[in-house]
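Asker: Please see the structure below; I have some questions.
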Amino acid sequence: MTTRALVEAALVGTARQPDRALAALGAEDPVAELVARASDAMPIERRLLLAAAASDACARAGRTSSSDIAAIAPAPAEARAVCTAAASTLIAELIALRPRLLLREALERLDAAGGIVAPALLPELLDTRDELLATILPRVIGERGRWLTELAGGGDWLDAEAPGDEEARRAWTEGSHALRTAVLRARRRTDPTTARVWLAESWTSESAEHRTQLLATLEESLGIDDVEFLESALNDRSVVVRSVAVRLLARIADGESARRFVARADAMLDYEPPASTSRLRAKLAKAIGRGDAGTLVVRPPEAYDAGWERDALVAKPPKGVGERAHWLVQALALVPPAHWQERFRASPVDLVRAAGATEWSFAVLQGWSLATLLTGDEAWASALWDAWYERKLDDRTTALEAPVRGTMLLQLHRRLPRAEAEARALDLVTRSPAEMPFGLGTLVDIVPRPWSATFATQFLARVREQVNAAASAAQWTAGIWFETLVPIALALSPESFADALDFERRLGELGDIPPAYRRKLDELRDTIRLRQRIDQEIRVEPAHR
């Protein structure tokens, strides 16, 4: 049957000329034989559609490819070993769980072990489009996964991997923004000068959003050679771009900009050490918390200097914040806290205590905290965390102070040394809700992972004490702890899995546990057992840990 006959039959209509299309079938036409087998009871319309479908299939089957179509090259050979069948089965199970935190853990462990996923898992993994996997998937899909993504498309949600040296320049010039950012960051690690030159060449053609993100990559291998370019970025019309440049310049201690920031802040603070006293008396006074920390003299700016705008110091404060306090915070945030330690020859603890006694304490503590978050100074993080925690909120507290206090405690906690972060978390476990600066779930999340075995044992014991007390009183006021059980299970190291299962068993023996809380215990147990399988099925050699 010819295509022309089918088209004509469709245009004319089968009701008017029912045999027109079928009459065009030759006796030897295989389509005619197929249509002839159709039941006489089949409407002519359906027979026409059957003939059209069969004719199209025959035409496609007989078509030959043109000689100018290039064959698809096969995927390159894999450089890494494919995971075991048992690991593949486990990963397939984890794909179905939401959120895919355990899947990410398994894939990260597989990457650490130097392996890749089995090819059969690639379609389903690449189809998840789950941001939790965007960073890890490119590292474990192997050559075949990259080949498949390039062939079929749809890999735009994955974090781009920087190509090798030979392709880097082309990728920087022609690639997507995500790929260009990855290329620039990777190049900064190996050749920071070239990366900076590339960015300078394209700077004026980038959007403000892209300039902000690309400029942030200079934090890799940041050094004195970057000062000139960063200084030029202070002329950018975008305050966000200038803010990124200023924070980077503040970290380059030998740079002219950093000295400018220090000189500006130096005019705002002075310190008078405590009156001299015997070492023994000073040591005893400090031990009982009564030591004189000295006096911090604070002189916030009286007026805004127009030259500060270039350094991204914003003139207008947020609602509820005074102008002078706002300018003071911004100025202090650009000076490494160690500068004050060196200038005043005093410890972070003494300086923070002295700041707490001034009328500008909130602004000073906030500025110093922002600077500590920028530099990662652990000694200052400890002193400032304690100061924020001890800072009680009352009727005189402004509407902005409470959220700022909570944010600073949260972020500074992440900068604490592991031992101190764990010690403070253990102390907070037994505090009343009114004394908690943030939710229990947040507390579980901010302690560095994986938890040490000692901390995990102590933390689980304290939780069990509170739950037991609530059960004894027949008041499930500790029920909020059940909401944290799965996050706790995800934070533990393999050494603590047995403790966690014992914890679950002991709590499960309590009577009258509300059904919702018992389900949380079940989730804890199931999560630990899945993590045990991940640990057992995907082995990581000690050298790779």
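Just so we're on the same page: first chain in the structure tokens is A, next is B, and so on; residues restart at 1 for each chain, and ligands are numbered from 1 in the order they show up.
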Among range 149-358 of chain A, which residues does DSSP mark as strand (DSSP E) when it is run on the backbone? Keep the chain and numbering as in the structure and answer as JSON, numbers by chain.

Answerer: {"A": [269, 270, 271, 272, 295, 296, 297, 298]}

Asker: In Å, with one decimal, what is the gap from CA of Ala453 in chain A to CA of Arg104 in chain A?

Answerer: 22.3 Å

Asker: When distances are computed from only C-alpha atoms, which of A:Val404, A:Ala489, A:Ala354, A:Val82 shows the smallest separation from Gln366 in chain A?

Answerer: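 Closest candidate: A:Val404.
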
Asker: Leaving out Pro119 in chain A and any residue of its chain fewer than 5 positions from it, which residues lie within 12 Å of it when counting only C-alpha atoms, given as a ChimeraX atom specification?

Answerer: /A:75,78,81-85,88,92,124-126,140-148

Asker: Output C-alpha atoms of each residue in that selection to a file, as a PDB file, in the first residue's frame.

Answerer:
```
ATOM      1  CA  ALA A  75      31.881   4.347  26.257  1.00  0.00           C
ATOM      2  CA  GLU A  78      36.394   2.091  33.132  1.00  0.00           C
ATOM      3  CA  ALA A  81      36.166  -1.255  39.665  1.00  0.00           C
ATOM      4  CA  VAL A  82      32.406  -1.810  39.600  1.00  0.00           C
ATOM      5  CA  CYS A  83      30.857  -2.430  43.003  1.00  0.00           C
ATOM      6  CA  THR A  84      29.975  -5.960  44.098  1.00  0.00           C
ATOM      7  CA  ALA A  85      26.605  -7.551  43.391  1.00  0.00           C
ATOM      8  CA  SER A  88      24.568  -3.062  43.940  1.00  0.00           C
ATOM      9  CA  ALA A  92      19.082  -0.317  44.460  1.00  0.00           C
ATOM     10  CA  GLU A 124      17.443   5.017  37.707  1.00  0.00           C
ATOM     11  CA  LEU A 125      20.165   6.977  39.510  1.00  0.00           C
ATOM     12  CA  LEU A 126      20.427   9.586  36.774  1.00  0.00           C
ATOM     13  CA  VAL A 140      30.640   7.189  41.026  1.00  0.00           C
ATOM     14  CA  ILE A 141      28.834   6.849  37.669  1.00  0.00           C
ATOM     15  CA  GLY A 142      32.078   6.022  35.922  1.00  0.00           C
ATOM     16  CA  GLU A 143      32.948   6.467  32.241  1.00  0.00           C
ATOM     17  CA  ARG A 144      29.768   4.764  31.113  1.00  0.00           C
ATOM     18  CA  GLY A 145      27.633   7.075  33.225  1.00  0.00           C
ATOM     19  CA  ARG A 146      29.341  10.150  31.813  1.00  0.00           C
ATOM     20  CA  TRP A 147      28.986   8.741  28.303  1.00  0.00           C
ATOM     21  CA  LEU A 148      25.299   8.056  28.874  1.00  0.00           C
TER      22      LEU A 148
END
```

Asker: Provide the CA of Ser257 in chain A to CA of Trp340 in chain A distance in Å, to one decimal place.

Answerer: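 Rounded to one decimal, the two atoms are 17.4 Å apart.
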
Asker: Have a look at A:Asp159, A:Asp56, A:Asp165, A:Glu523 and name the one nearest to His177 in chain A; count only C-alpha atoms.

Answerer: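 Checking each of A:Asp159, A:Asp56, A:Asp165, A:Glu523 against His177 in chain A, counting only C-alpha atoms, the winner is A:Asp159.
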
Asker: Just to confirm, what's the straight-line distance from CA of Ile91 in chain A to CA of Glu150 in chain A in Å (one decimal)?

Answerer: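 Between CA of Ile91 in chain A and CA of Glu150 in chain A the gap is 23.3 Å.
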
Asker: From the set A:Arg264, A:Arg345, A:Arg189, A:Arg47, which residue has the shortest atom-to-atom contact distance to Ala10 in chain A, counting only C-alpha atoms?

Answerer: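 Closest residue, counting only C-alpha atoms: A:Arg47.
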
Asker: I want to know what sits within 12 Å of Val197 in chain A, based on only C-alpha atoms, with residues of the same chain fewer than 6 positions away left out; could you give that as a count of residues only?

Answerer: 13

Asker: Excluding Trp388 in chain A and residues on its chain fewer than 5 positions from it, collect all residues at most 9 Å away from it, counting only C-alpha atoms, and give them as a short mmCIF file (atom, residue, chain, number, x, y, z; two decimals) with N, CA and C atoms, in the first residue's frame.

Answerer:
```cif
data_model
loop_
_atom_site.label_atom_id
_atom_site.label_comp_id
_atom_site.auth_asym_id
_atom_site.auth_seq_id
_atom_site.Cartn_x
_atom_site.Cartn_y
_atom_site.Cartn_z
N LEU A 365 30.08 42.14 70.04
CA LEU A 365 30.05 40.68 69.97
C LEU A 365 29.63 40.21 68.58
N ALA A 383 35.24 31.41 73.01
CA ALA A 383 34.95 32.52 73.91
C ALA A 383 33.63 33.20 73.54
N ARG A 405 21.31 36.15 68.28
CA ARG A 405 21.95 35.29 69.29
C ARG A 405 21.87 33.83 68.87
N GLY A 406 20.68 33.38 68.44
CA GLY A 406 20.54 31.99 68.03
C GLY A 406 21.39 31.65 66.82
N MET A 408 24.20 33.15 65.84
CA MET A 408 25.62 33.15 66.20
C MET A 408 26.00 31.89 66.97
N LEU A 409 25.15 31.47 67.90
CA LEU A 409 25.43 30.23 68.63
C LEU A 409 25.50 29.04 67.67
#
```

Asker: Taking into account only C-alpha atoms, which residue in the set A:Arg519, A:Arg462, A:Arg251, A:Lys316 is nearest to Thr375 in chain A?

Answerer: A:Arg251

Asker: Near range 236-244 of chain A, counting only C-alpha atoms, which residues have an atom at most 8 Å away, once you skip same-chain residues fewer than 5 positions from it, shown as a ChimeraX atom specification?

Answerer: /A:208,211-212,215-216,310-312

Asker: Generate the output file for the selected residues, C-alpha atoms, as a PDB file, in the first residue's frame.

Answerer:
```pdb
ATOM      1  CA  ALA A 208      26.355  40.310  38.524  1.00  0.00           C
ATOM      2  CA  ARG A 211      30.562  37.631  38.931  1.00  0.00           C
ATOM      3  CA  THR A 212      29.638  36.971  42.558  1.00  0.00           C
ATOM      4  CA  LEU A 215      34.802  35.701  42.401  1.00  0.00           C
ATOM      5  CA  ALA A 216      34.160  33.418  45.377  1.00  0.00           C
ATOM      6  CA  ARG A 310      33.450  51.044  48.170  1.00  0.00           C
ATOM      7  CA  ASP A 311      34.291  48.583  50.970  1.00  0.00           C
ATOM      8  CA  ALA A 312      30.658  47.392  50.948  1.00  0.00           C
TER       9      ALA A 312
END
```

Asker: Counting only C-alpha atoms, which residue out of A:Ala134, A:Gly153, A:Leu490, A:Ile528 sits closest to Glu105 in chain A?

Answerer: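 That would be A:Leu490, the residue with the smallest distance to Glu105 in chain A.
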